[in-house]
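Printed here is model.tsv (TSV, C-alpha atoms):
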chain	number	residue	atom	x	y	z
A	30	HIS	CA	52.40	158.82	85.65
A	31	MET	CA	54.19	159.85	88.83
A	32	HIS	CA	52.59	161.85	91.63
A	33	SER	CA	53.93	162.98	95.00
A	34	LEU	CA	51.84	162.10	98.03
A	35	GLY	CA	52.78	164.35	100.97
A	36	GLU	CA	52.20	163.81	104.67
A	37	ALA	CA	49.38	166.35	104.66
A	38	ASP	CA	47.60	164.29	102.00
A	39	LEU	CA	47.56	161.33	104.40
A	40	ALA	CA	46.40	163.29	107.44
A	41	SER	CA	42.81	162.11	107.02
A	42	ASP	CA	40.62	160.06	104.72
A	43	GLU	CA	39.10	163.27	103.35
A	44	ALA	CA	42.55	164.74	102.58
A	45	THR	CA	43.51	161.55	100.74
A	46	ARG	CA	40.21	161.55	98.85
A	47	GLN	CA	40.79	165.13	97.73
A	48	TRP	CA	44.29	164.23	96.58
A	49	LEU	CA	42.92	161.36	94.51
A	50	VAL	CA	40.11	163.46	92.99
A	51	GLN	CA	42.55	166.17	91.93
A	52	ARG	CA	45.16	163.90	90.36
A	53	ILE	CA	43.65	160.57	89.34
A	54	PRO	CA	41.14	160.49	86.44
A	55	ALA	CA	37.92	158.55	86.79
A	56	GLY	CA	38.31	154.83	86.19
A	57	GLU	CA	40.21	151.90	87.65
A	58	PHE	CA	43.90	152.33	88.44
A	59	VAL	CA	46.66	150.65	90.37
A	60	LEU	CA	48.69	152.91	92.65
A	61	GLN	CA	52.17	151.73	93.61
A	62	ASP	CA	54.87	153.05	95.88
A	63	TYR	CA	57.85	154.47	93.99
A	64	VAL	CA	61.09	152.65	94.75
A	65	MET	CA	63.22	155.53	96.00
A	66	ARG	CA	66.47	153.59	96.32
A	67	PRO	CA	66.59	151.26	93.33
A	68	MET	CA	69.26	148.73	92.53
A	69	LEU	CA	71.52	150.21	89.86
A	70	PHE	CA	73.71	148.98	87.02
A	71	LYS	CA	76.80	151.14	86.61
A	72	GLY	CA	74.85	153.92	88.29
A	73	HIS	CA	71.82	153.51	85.98
A	74	LYS	CA	68.29	152.65	86.95
A	75	PHE	CA	66.89	149.52	85.31
A	76	ASP	CA	64.01	147.13	85.36
A	77	LEU	CA	63.85	143.51	84.27
A	78	ARG	CA	61.58	141.97	81.66
A	79	LEU	CA	61.06	138.30	82.50
A	80	TRP	CA	59.78	135.41	80.43
A	81	THR	CA	57.53	132.96	82.23
A	82	VAL	CA	55.36	130.09	81.04
A	83	LEU	CA	52.37	129.04	83.13
A	84	LEU	CA	51.56	125.38	82.46
A	85	SER	CA	49.12	124.63	85.26
A	86	VAL	CA	47.23	126.41	88.02
A	87	ASP	CA	46.52	123.30	90.14
A	88	PRO	CA	49.13	122.22	90.88
A	89	LEU	CA	50.86	125.52	90.16
A	90	ARG	CA	53.55	125.02	87.49
A	91	LEU	CA	55.34	128.19	86.52
A	92	HIS	CA	58.59	128.13	84.56
A	93	LEU	CA	60.92	131.13	84.53
A	94	LEU	CA	63.69	131.84	82.03
A	95	GLY	CA	66.96	131.80	83.98
A	96	THR	CA	68.02	135.29	82.89
A	97	GLY	CA	66.26	138.60	83.12
A	98	ILE	CA	66.11	140.96	80.14
A	99	PRO	CA	67.54	144.22	81.53
A	100	LYS	CA	66.11	147.53	80.36
A	101	VAL	CA	68.58	150.21	81.41
A	102	SER	CA	68.01	153.97	81.38
A	103	MET	CA	70.19	156.27	79.29
A	104	TRP	CA	71.33	158.61	82.06
A	105	LYS	CA	72.74	157.85	85.47
A	106	TYR	CA	70.21	157.77	88.27
A	107	ASP	CA	69.54	160.81	90.43
A	108	GLY	CA	66.69	160.60	92.89
A	109	SER	CA	66.54	164.33	93.65
A	110	PRO	CA	63.18	166.08	93.15
A	111	LYS	CA	64.33	168.05	90.10
A	112	HIS	CA	64.90	164.81	88.19
A	113	VAL	CA	61.81	162.96	89.36
A	114	LYS	CA	60.14	163.27	85.93
A	115	ASN	CA	63.24	163.33	83.76
A	116	PRO	CA	62.55	160.64	81.12
A	117	CYS	CA	66.25	160.09	80.50
A	118	VAL	CA	66.64	158.99	84.11
A	119	HIS	CA	63.38	157.10	84.63
A	120	TYR	CA	62.20	155.92	81.23
A	121	LEU	CA	63.89	152.64	80.68
A	122	PHE	CA	64.57	151.01	77.33
A	123	PRO	CA	64.61	152.44	74.69
A	124	GLY	CA	63.62	155.94	75.86
A	125	PRO	CA	63.17	159.13	73.83
A	126	SER	CA	65.83	159.97	71.26
A	127	ASP	CA	66.66	163.36	72.76
A	128	CYS	CA	68.17	161.55	75.75
A	129	TYR	CA	70.92	160.47	73.37
A	130	TYR	CA	71.53	163.79	71.68
A	131	SER	CA	69.72	167.06	72.31
A	132	ARG	CA	68.39	167.21	75.86
A	133	GLU	CA	70.29	169.60	78.12
A	134	ASP	CA	72.42	167.85	80.69
A	135	PRO	CA	73.78	170.45	83.13
A	136	ASP	CA	74.57	167.84	85.79
A	137	GLY	CA	76.61	165.61	83.47
A	138	MET	CA	74.32	162.60	83.85
A	139	ARG	CA	74.24	161.47	80.21
A	140	ASP	CA	76.09	158.15	80.07
A	141	VAL	CA	74.53	155.98	77.37
A	142	LEU	CA	75.62	152.35	77.61
A	143	ALA	CA	76.04	151.83	73.87
A	144	PRO	CA	75.69	148.18	72.78
A	145	GLN	CA	78.02	148.87	69.85
A	146	LYS	CA	80.80	149.36	72.41
A	147	GLY	CA	79.84	146.29	74.39
A	148	LEU	CA	78.61	148.37	77.33
A	149	TYR	CA	74.95	147.37	77.39
A	150	PRO	CA	74.15	144.30	79.53
A	151	THR	CA	72.36	141.65	77.46
A	152	SER	CA	71.96	139.14	80.28
A	153	THR	CA	71.81	138.88	84.06
A	154	THR	CA	73.82	135.65	84.20
A	155	ASN	CA	77.38	136.69	83.40
A	156	ASP	CA	80.28	138.37	85.17
A	157	TYR	CA	79.67	141.70	83.44
A	158	TRP	CA	76.29	141.87	85.17
A	159	TYR	CA	77.46	140.49	88.53
A	160	ASP	CA	80.42	142.90	88.69
A	161	ASN	CA	78.54	146.08	87.75
A	162	VAL	CA	75.16	145.73	89.39
A	163	GLU	CA	74.95	147.57	92.70
A	164	PRO	CA	75.21	145.78	95.15
A	165	SER	CA	77.64	143.67	93.16
A	166	GLY	CA	78.61	140.03	93.27
A	167	ARG	CA	77.32	136.78	91.85
A	168	ARG	CA	76.32	135.46	95.26
A	169	PHE	CA	74.22	138.51	96.13
A	170	TRP	CA	72.47	138.42	92.76
A	171	LYS	CA	71.74	134.69	92.83
A	172	GLU	CA	70.94	134.18	96.50
A	173	VAL	CA	69.21	137.46	97.31
A	174	ALA	CA	68.02	139.43	94.27
A	175	TRP	CA	67.04	136.59	91.93
A	176	ALA	CA	65.57	134.57	94.79
A	177	ASN	CA	63.32	137.55	95.57
A	178	VAL	CA	62.32	137.79	91.90
A	179	GLU	CA	61.19	134.17	91.99
A	180	ARG	CA	59.40	134.66	95.31
A	181	THR	CA	57.52	137.71	94.05
A	182	LEU	CA	56.34	135.93	90.91
A	183	VAL	CA	55.12	132.90	92.85
A	184	GLU	CA	53.24	135.16	95.28
A	185	VAL	CA	51.49	136.96	92.41
A	186	MET	CA	50.57	133.68	90.71
A	187	LEU	CA	49.16	132.23	93.93
A	188	LEU	CA	46.97	135.30	94.38
A	189	ALA	CA	45.82	135.40	90.75
A	190	ARG	CA	45.02	131.71	90.42
A	191	GLU	CA	42.22	131.92	92.98
A	192	GLN	CA	40.07	133.40	90.23
A	193	LEU	CA	40.80	130.46	87.93
A	194	LEU	CA	40.70	127.43	90.19
A	195	HIS	CA	36.94	126.88	89.98
A	196	VAL	CA	37.14	126.70	86.18
A	197	ASP	CA	40.10	124.34	86.30
A	198	HIS	CA	38.34	122.08	88.80
A	199	LYS	CA	35.10	122.04	86.82
A	200	ILE	CA	36.93	120.89	83.69
A	201	LYS	CA	38.76	118.15	85.57
A	202	GLN	CA	35.61	116.97	87.37
A	203	ALA	CA	33.95	116.57	83.99
A	204	GLY	CA	36.74	114.20	82.99
A	205	LEU	CA	37.92	116.46	80.19
A	206	ARG	CA	41.52	116.73	79.15
A	207	TYR	CA	42.84	120.06	78.08
A	208	LYS	CA	46.19	121.70	77.64
A	209	ARG	CA	46.54	125.43	77.89
A	210	VAL	CA	49.64	127.49	78.42
A	211	VAL	CA	50.06	131.18	79.14
A	212	PHE	CA	53.17	133.10	78.19
A	213	LEU	CA	53.70	136.05	80.52
A	214	SER	CA	56.24	138.87	80.47
A	215	PRO	CA	56.40	140.48	83.92
A	216	ASP	CA	58.39	143.66	84.57
A	217	LEU	CA	60.03	144.07	87.95
A	218	VAL	CA	62.29	146.57	89.68
A	219	LEU	CA	64.60	145.83	92.58
A	220	ASP	CA	65.73	148.06	95.41
A	221	GLU	CA	69.21	148.44	96.85
A	222	ARG	CA	68.56	145.56	99.25
A	223	GLY	CA	67.62	143.19	96.44
A	224	ARG	CA	63.89	143.21	97.13
A	225	ALA	CA	61.74	142.72	94.01
A	226	PHE	CA	58.67	144.81	93.18
A	227	LEU	CA	56.25	143.95	90.40
A	228	VAL	CA	55.57	146.80	87.96
A	229	GLU	CA	53.19	145.01	85.60
A	230	ILE	CA	52.58	141.72	83.83
A	231	ASN	CA	52.39	141.85	80.05
A	232	THR	CA	50.08	139.18	78.71
A	233	ASN	CA	50.57	139.72	74.99
A	234	GLY	CA	53.93	137.97	75.10
A	235	TYR	CA	56.13	140.39	73.22
A	236	MET	CA	58.49	137.62	72.17
A	237	ILE	CA	61.10	139.89	70.67
A	238	GLY	CA	63.44	137.33	69.13
A	239	ASN	CA	66.31	139.31	67.61
A	240	LEU	CA	64.25	142.45	66.96
A	241	HIS	CA	66.60	144.34	69.29
A	242	LYS	CA	69.49	141.91	69.02
A	243	ASP	CA	72.13	144.51	69.95
A	244	PHE	CA	70.39	144.81	73.29
A	245	PHE	CA	68.53	141.52	73.70
A	246	PRO	CA	69.59	138.58	71.49
A	247	MET	CA	66.63	136.32	72.29
A	248	GLU	CA	65.97	134.32	69.13
A	249	ARG	CA	67.32	131.04	70.54
A	250	GLN	CA	65.18	131.35	73.68
A	251	GLN	CA	62.12	132.30	71.65
A	252	ASN	CA	62.51	129.27	69.40
A	253	ALA	CA	62.76	127.05	72.48
A	254	VAL	CA	59.40	128.12	73.93
A	255	PRO	CA	57.14	126.22	71.45
A	256	SER	CA	59.15	123.04	72.00
A	257	PHE	CA	59.02	123.52	75.76
A	258	VAL	CA	55.21	123.78	75.86
A	259	GLY	CA	54.71	120.82	73.54
A	260	ALA	CA	53.77	122.58	70.31
A	261	THR	CA	56.16	120.28	68.45
A	262	GLY	CA	54.54	117.15	69.89
A	263	TYR	CA	57.61	116.11	71.91
A	264	PRO	CA	59.15	114.04	69.09
A	265	LEU	CA	62.04	112.84	71.29
A	266	GLN	CA	59.81	111.66	74.13
A	267	PRO	CA	60.36	107.91	73.47
A	268	HIS	CA	64.06	108.43	74.20
A	269	TYR	CA	63.60	109.88	77.67
A	270	LYS	CA	60.10	108.96	78.87
A	271	ALA	CA	61.14	106.02	81.08
A	272	GLU	CA	64.06	107.87	82.68
A	273	LEU	CA	61.93	110.96	83.28
A	274	ALA	CA	59.29	108.87	85.04
A	275	ALA	CA	61.94	107.19	87.18
A	276	GLN	CA	63.57	110.47	88.20
A	277	THR	CA	60.20	112.02	88.99
A	278	ARG	CA	59.38	109.05	91.19
A	279	ARG	CA	62.68	109.31	93.05
A	280	PHE	CA	62.19	113.05	93.57
A	281	CYS	CA	58.69	112.56	94.98
A	282	GLN	CA	59.92	109.84	97.33
A	283	SER	CA	62.74	112.02	98.62
A	284	ALA	CA	60.36	114.93	99.24
A	285	ALA	CA	57.59	112.87	100.82
A	286	PRO	CA	56.86	112.98	104.59
A	287	ARG	CA	58.21	110.16	106.73
A	288	GLY	CA	56.33	107.02	105.95
A	289	GLY	CA	57.00	107.04	102.24
A	290	PHE	CA	55.27	108.16	99.11
A	291	PRO	CA	52.08	106.26	98.19

Written form, C-alpha cells:
Amino acid sequence: HMHSLGEADLASDEATRQWLVQRIPAGEFVLQDYVMRPMLFKGHKFDLRLWTVLLSVDPLRLHLLGTGIPKVSMWKYDGSPKHVKNPCVHYLFPGPSDCYYSREDPDGMRDVLAPQKGLYPTSTTNDYWYDNVEPSGRRFWKEVAWANVERTLVEVMLLAREQLLHVDHKIKQAGLRYKRVVFLSPDLVLDERGRAFLVEINTNGYMIGNLHKDFFPMERQQNAVPSFVGATGYPLQPHYKAELAAQTRRFCQSAAPRGGFP
C-alpha cells in the first residue's frame, strides 16, 4: 500500500500518531520511504530479484548470484501524483492483464517490453542492460549500482545475524557439527544515483527455474544451487581439494596484517 505523508503530518508527534491511526491497520508493519527518482530501464521502473545463499553467520558467508533478475513495469514511469497508484506504472512483473490491453492510456505511457520481440531484459550482465538502464554504462552499473546492491545486502545480513549468533555459538561450544544453508530472494530498487534500497526478503526461495523462461531463463542457475551448497556430496572434491587449500592459504597470508598469518 502507498500513502502520502505531508509536512503537516510531521508537525508533531500527535499529528503523526493521528496519521498512523487513520491509515495503518492494527498490527506490525514496516514503513519505507518511496523512492521518488528510481533508476529506469528504457524509461520503465523496475526492481531486482536477487538469489543469495547464506552458508554461515559466524563468519558471515553470503553468496550472491552475479546477475539480478529484473522485474520491469509495463508502462513507462511517471512520478506525477495522478499516476502514484497506477498499477501499470508501479506494479512490476507480471502486473495485471489490463495493463497490456484494456486500461485507458491518455498519456501514451503503454510500452510493453515484449519478450517475444527480444525487448525484455533477462539479465543485468549484458550490453542490452548496460546500454538501456538509466544512468547507462557498464562501468556505472558494475562499480556503483551493483556495488551498492552488495553493500546493502551485507548490511542487512550483519544486522539480522545478531539474533542468531548466540544459537550458532552454543552449537559450536557443544562441539557439534552442523550444516545449514538458507536460500534468500531479496527484492531491491535503485534510485537514479545507483543507491540500493531493500524492499523485502523472500525466504520461501521461489526458485523459478524456467517457469517464466521468456522473461527469466533460470533453470541452469537453479540446478547449480544444490551442487553449490553440497547437496550432491561434492563428488569432484578429491580433484581440487589440495589446490583449494593451497589457494585459501595464500589468500589468507596476503590479507593478513604485517607479521604474517599464524

- Message: If we count all atoms listed in the file and set the cut-off at 10 Å, which residues sit around range 214-225 of chain A, ignoring sequence neighbours fewer than 4 positions away in its own chain? Please answer as a PyMOL selection string.
- Response: chain A and resi 64-69+74-82+93+97-100+162-164+169-170+172-182+229-236

Next, the residues of the selection above should be written as a PDB file, in the coordinates of the input with C-alpha atoms.
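Printed below is out.pdb as written:
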ATOM      1  CA  VAL A  64      61.090 152.650  94.750  1.00  0.00           C
ATOM      2  CA  MET A  65      63.220 155.530  96.000  1.00  0.00           C
ATOM      3  CA  ARG A  66      66.470 153.590  96.320  1.00  0.00           C
ATOM      4  CA  PRO A  67      66.590 151.260  93.330  1.00  0.00           C
ATOM      5  CA  MET A  68      69.260 148.730  92.530  1.00  0.00           C
ATOM      6  CA  LEU A  69      71.520 150.210  89.860  1.00  0.00           C
ATOM      7  CA  LYS A  74      68.290 152.650  86.950  1.00  0.00           C
ATOM      8  CA  PHE A  75      66.890 149.520  85.310  1.00  0.00           C
ATOM      9  CA  ASP A  76      64.010 147.130  85.360  1.00  0.00           C
ATOM     10  CA  LEU A  77      63.850 143.510  84.270  1.00  0.00           C
ATOM     11  CA  ARG A  78      61.580 141.970  81.660  1.00  0.00           C
ATOM     12  CA  LEU A  79      61.060 138.300  82.500  1.00  0.00           C
ATOM     13  CA  TRP A  80      59.780 135.410  80.430  1.00  0.00           C
ATOM     14  CA  THR A  81      57.530 132.960  82.230  1.00  0.00           C
ATOM     15  CA  VAL A  82      55.360 130.090  81.040  1.00  0.00           C
ATOM     16  CA  LEU A  93      60.920 131.130  84.530  1.00  0.00           C
ATOM     17  CA  GLY A  97      66.260 138.600  83.120  1.00  0.00           C
ATOM     18  CA  ILE A  98      66.110 140.960  80.140  1.00  0.00           C
ATOM     19  CA  PRO A  99      67.540 144.220  81.530  1.00  0.00           C
ATOM     20  CA  LYS A 100      66.110 147.530  80.360  1.00  0.00           C
ATOM     21  CA  VAL A 162      75.160 145.730  89.390  1.00  0.00           C
ATOM     22  CA  GLU A 163      74.950 147.570  92.700  1.00  0.00           C
ATOM     23  CA  PRO A 164      75.210 145.780  95.150  1.00  0.00           C
ATOM     24  CA  PHE A 169      74.220 138.510  96.130  1.00  0.00           C
ATOM     25  CA  TRP A 170      72.470 138.420  92.760  1.00  0.00           C
ATOM     26  CA  GLU A 172      70.940 134.180  96.500  1.00  0.00           C
ATOM     27  CA  VAL A 173      69.210 137.460  97.310  1.00  0.00           C
ATOM     28  CA  ALA A 174      68.020 139.430  94.270  1.00  0.00           C
ATOM     29  CA  TRP A 175      67.040 136.590  91.930  1.00  0.00           C
ATOM     30  CA  ALA A 176      65.570 134.570  94.790  1.00  0.00           C
ATOM     31  CA  ASN A 177      63.320 137.550  95.570  1.00  0.00           C
ATOM     32  CA  VAL A 178      62.320 137.790  91.900  1.00  0.00           C
ATOM     33  CA  GLU A 179      61.190 134.170  91.990  1.00  0.00           C
ATOM     34  CA  ARG A 180      59.400 134.660  95.310  1.00  0.00           C
ATOM     35  CA  THR A 181      57.520 137.710  94.050  1.00  0.00           C
ATOM     36  CA  LEU A 182      56.340 135.930  90.910  1.00  0.00           C
ATOM     37  CA  GLU A 229      53.190 145.010  85.600  1.00  0.00           C
ATOM     38  CA  ILE A 230      52.580 141.720  83.830  1.00  0.00           C
ATOM     39  CA  ASN A 231      52.390 141.850  80.050  1.00  0.00           C
ATOM     40  CA  THR A 232      50.080 139.180  78.710  1.00  0.00           C
ATOM     41  CA  ASN A 233      50.570 139.720  74.990  1.00  0.00           C
ATOM     42  CA  GLY A 234      53.930 137.970  75.100  1.00  0.00           C
ATOM     43  CA  TYR A 235      56.130 140.390  73.220  1.00  0.00           C
ATOM     44  CA  MET A 236      58.490 137.620  72.170  1.00  0.00           C
TER      45      MET A 236
END

- Query: Given the choices A:Val211, A:Leu187, A:Met247, A:Ala203, which gets closest to Pro88 in chain A if the distance is worked out from only C-alpha atoms?
  - Reply: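 Of A:Val211, A:Leu187, A:Met247, A:Ala203, the one nearest Pro88 in chain A is A:Leu187, counting only C-alpha atoms.
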
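Restricting the calculation to all atoms listed in the file, the smallest distance between Arg90 in chain A and any of A:Glu57, A:Arg209, A:His32, A:Asp160 is found for A:Arg209.
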
- Long-range neighbours of range 102-114 of chain A as a list in words, 6 Å cut-off, all atoms listed in the file, 6 positions minimum in chain: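 My list of contacting residues is Gly72, His73, Lys74, Leu121, Met138, Arg139, Asp140 and Val141 of chain A.
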
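One finds CA of Val210 in chain A at 12.0 Å from CA of Leu89 in chain A.
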
Atoms added to range 110-121 of chain A (all heavy atoms), reported as a PDB file, keeping the file's coordinate frame:
ATOM      1  N   PRO A 110      64.481 165.650  93.672  1.00  0.00           N
ATOM      2  CA  PRO A 110      63.180 166.080  93.150  1.00  0.00           C
ATOM      3  C   PRO A 110      63.232 166.686  91.754  1.00  0.00           C
ATOM      4  O   PRO A 110      62.307 166.508  90.965  1.00  0.00           O
ATOM      5  CB  PRO A 110      62.708 167.102  94.186  1.00  0.00           C
ATOM      6  CG  PRO A 110      63.383 166.676  95.451  1.00  0.00           C
ATOM      7  CD  PRO A 110      64.723 166.161  95.042  1.00  0.00           C
ATOM      8  N   LYS A 111      64.298 167.389  91.409  1.00  0.00           N
ATOM      9  CA  LYS A 111      64.330 168.050  90.100  1.00  0.00           C
ATOM     10  C   LYS A 111      64.428 167.054  88.951  1.00  0.00           C
ATOM     11  O   LYS A 111      64.180 167.406  87.800  1.00  0.00           O
ATOM     12  CB  LYS A 111      65.479 169.048  90.028  1.00  0.00           C
ATOM     13  CG  LYS A 111      66.878 168.437  90.033  1.00  0.00           C
ATOM     14  CD  LYS A 111      67.920 169.534  89.899  1.00  0.00           C
ATOM     15  CE  LYS A 111      69.338 168.984  89.913  1.00  0.00           C
ATOM     16  NZ  LYS A 111      70.336 170.057  89.737  1.00  0.00           N
ATOM     17  N   HIS A 112      64.791 165.817  89.248  1.00  0.00           N
ATOM     18  CA  HIS A 112      64.900 164.810  88.190  1.00  0.00           C
ATOM     19  C   HIS A 112      63.788 163.762  88.272  1.00  0.00           C
ATOM     20  O   HIS A 112      63.843 162.765  87.559  1.00  0.00           O
ATOM     21  CB  HIS A 112      66.253 164.110  88.261  1.00  0.00           C
ATOM     22  CG  HIS A 112      67.405 164.980  87.863  1.00  0.00           C
ATOM     23  ND1 HIS A 112      67.541 165.501  86.592  1.00  0.00           N
ATOM     24  CD2 HIS A 112      68.466 165.431  88.575  1.00  0.00           C
ATOM     25  CE1 HIS A 112      68.643 166.223  86.536  1.00  0.00           C
ATOM     26  NE2 HIS A 112      69.216 166.203  87.717  1.00  0.00           N
ATOM     27  N   VAL A 113      62.794 163.994  89.123  1.00  0.00           N
ATOM     28  CA  VAL A 113      61.810 162.960  89.360  1.00  0.00           C
ATOM     29  C   VAL A 113      61.001 162.611  88.111  1.00  0.00           C
ATOM     30  O   VAL A 113      60.489 161.496  87.976  1.00  0.00           O
ATOM     31  CB  VAL A 113      60.880 163.358  90.531  1.00  0.00           C
ATOM     32  CG1 VAL A 113      59.914 164.457  90.105  1.00  0.00           C
ATOM     33  CG2 VAL A 113      60.117 162.161  91.060  1.00  0.00           C
ATOM     34  N   LYS A 114      60.879 163.554  87.169  1.00  0.00           N
ATOM     35  CA  LYS A 114      60.140 163.270  85.930  1.00  0.00           C
ATOM     36  C   LYS A 114      61.023 163.393  84.696  1.00  0.00           C
ATOM     37  O   LYS A 114      60.523 163.562  83.589  1.00  0.00           O
ATOM     38  CB  LYS A 114      58.926 164.193  85.820  1.00  0.00           C
ATOM     39  CG  LYS A 114      57.874 163.916  86.891  1.00  0.00           C
ATOM     40  CD  LYS A 114      56.595 164.697  86.651  1.00  0.00           C
ATOM     41  CE  LYS A 114      55.548 164.353  87.701  1.00  0.00           C
ATOM     42  NZ  LYS A 114      54.272 165.067  87.469  1.00  0.00           N
ATOM     43  N   ASN A 115      62.318 163.297  84.893  1.00  0.00           N
ATOM     44  CA  ASN A 115      63.240 163.330  83.760  1.00  0.00           C
ATOM     45  C   ASN A 115      63.194 161.984  83.041  1.00  0.00           C
ATOM     46  O   ASN A 115      63.605 160.964  83.595  1.00  0.00           O
ATOM     47  CB  ASN A 115      64.661 163.613  84.267  1.00  0.00           C
ATOM     48  CG  ASN A 115      65.665 163.771  83.141  1.00  0.00           C
ATOM     49  OD1 ASN A 115      65.447 163.329  82.020  1.00  0.00           O
ATOM     50  ND2 ASN A 115      66.781 164.400  83.442  1.00  0.00           N
ATOM     51  N   PRO A 116      62.698 161.932  81.807  1.00  0.00           N
ATOM     52  CA  PRO A 116      62.550 160.640  81.120  1.00  0.00           C
ATOM     53  C   PRO A 116      63.876 159.947  80.855  1.00  0.00           C
ATOM     54  O   PRO A 116      63.914 158.728  80.742  1.00  0.00           O
ATOM     55  CB  PRO A 116      61.853 161.017  79.804  1.00  0.00           C
ATOM     56  CG  PRO A 116      62.211 162.448  79.587  1.00  0.00           C
ATOM     57  CD  PRO A 116      62.270 163.065  80.950  1.00  0.00           C
ATOM     58  N   CYS A 117      64.943 160.701  80.769  1.00  0.00           N
ATOM     59  CA  CYS A 117      66.250 160.090  80.500  1.00  0.00           C
ATOM     60  C   CYS A 117      66.764 159.318  81.702  1.00  0.00           C
ATOM     61  O   CYS A 117      67.608 158.435  81.571  1.00  0.00           O
ATOM     62  CB  CYS A 117      67.272 161.159  80.113  1.00  0.00           C
ATOM     63  SG  CYS A 117      66.754 162.192  78.731  1.00  0.00           S
ATOM     64  N   VAL A 118      66.243 159.661  82.885  1.00  0.00           N
ATOM     65  CA  VAL A 118      66.640 158.990  84.110  1.00  0.00           C
ATOM     66  C   VAL A 118      65.691 157.844  84.436  1.00  0.00           C
ATOM     67  O   VAL A 118      66.109 156.781  84.879  1.00  0.00           O
ATOM     68  CB  VAL A 118      66.676 159.987  85.290  1.00  0.00           C
ATOM     69  CG1 VAL A 118      66.946 159.268  86.606  1.00  0.00           C
ATOM     70  CG2 VAL A 118      67.737 161.043  85.041  1.00  0.00           C
ATOM     71  N   HIS A 119      64.402 158.041  84.156  1.00  0.00           N
ATOM     72  CA  HIS A 119      63.380 157.100  84.630  1.00  0.00           C
ATOM     73  C   HIS A 119      62.761 156.262  83.524  1.00  0.00           C
ATOM     74  O   HIS A 119      62.317 155.150  83.800  1.00  0.00           O
ATOM     75  CB  HIS A 119      62.284 157.867  85.367  1.00  0.00           C
ATOM     76  CG  HIS A 119      62.773 158.538  86.604  1.00  0.00           C
ATOM     77  ND1 HIS A 119      63.037 157.850  87.760  1.00  0.00           N
ATOM     78  CD2 HIS A 119      63.092 159.829  86.864  1.00  0.00           C
ATOM     79  CE1 HIS A 119      63.482 158.687  88.684  1.00  0.00           C
ATOM     80  NE2 HIS A 119      63.522 159.888  88.167  1.00  0.00           N
ATOM     81  N   TYR A 120      62.681 156.770  82.307  1.00  0.00           N
ATOM     82  CA  TYR A 120      62.200 155.920  81.230  1.00  0.00           C
ATOM     83  C   TYR A 120      63.298 154.887  80.990  1.00  0.00           C
ATOM     84  O   TYR A 120      64.475 155.236  80.921  1.00  0.00           O
ATOM     85  CB  TYR A 120      61.978 156.702  79.951  1.00  0.00           C
ATOM     86  CG  TYR A 120      60.744 157.566  79.957  1.00  0.00           C
ATOM     87  CD1 TYR A 120      59.992 157.719  81.102  1.00  0.00           C
ATOM     88  CD2 TYR A 120      60.334 158.215  78.824  1.00  0.00           C
ATOM     89  CE1 TYR A 120      58.863 158.515  81.118  1.00  0.00           C
ATOM     90  CE2 TYR A 120      59.196 159.022  78.818  1.00  0.00           C
ATOM     91  CZ  TYR A 120      58.471 159.167  79.981  1.00  0.00           C
ATOM     92  OH  TYR A 120      57.358 159.953  79.978  1.00  0.00           O
ATOM     93  N   LEU A 121      62.883 153.686  80.814  1.00  0.00           N
ATOM     94  CA  LEU A 121      63.890 152.640  80.680  1.00  0.00           C
ATOM     95  C   LEU A 121      64.157 152.440  79.194  1.00  0.00           C
ATOM     96  O   LEU A 121      64.339 153.387  78.455  1.00  0.00           O
ATOM     97  CB  LEU A 121      63.415 151.412  81.426  1.00  0.00           C
ATOM     98  CG  LEU A 121      63.111 151.756  82.905  1.00  0.00           C
ATOM     99  CD1 LEU A 121      62.474 150.600  83.616  1.00  0.00           C
ATOM    100  CD2 LEU A 121      64.355 152.203  83.629  1.00  0.00           C
TER     101      LEU A 121
END
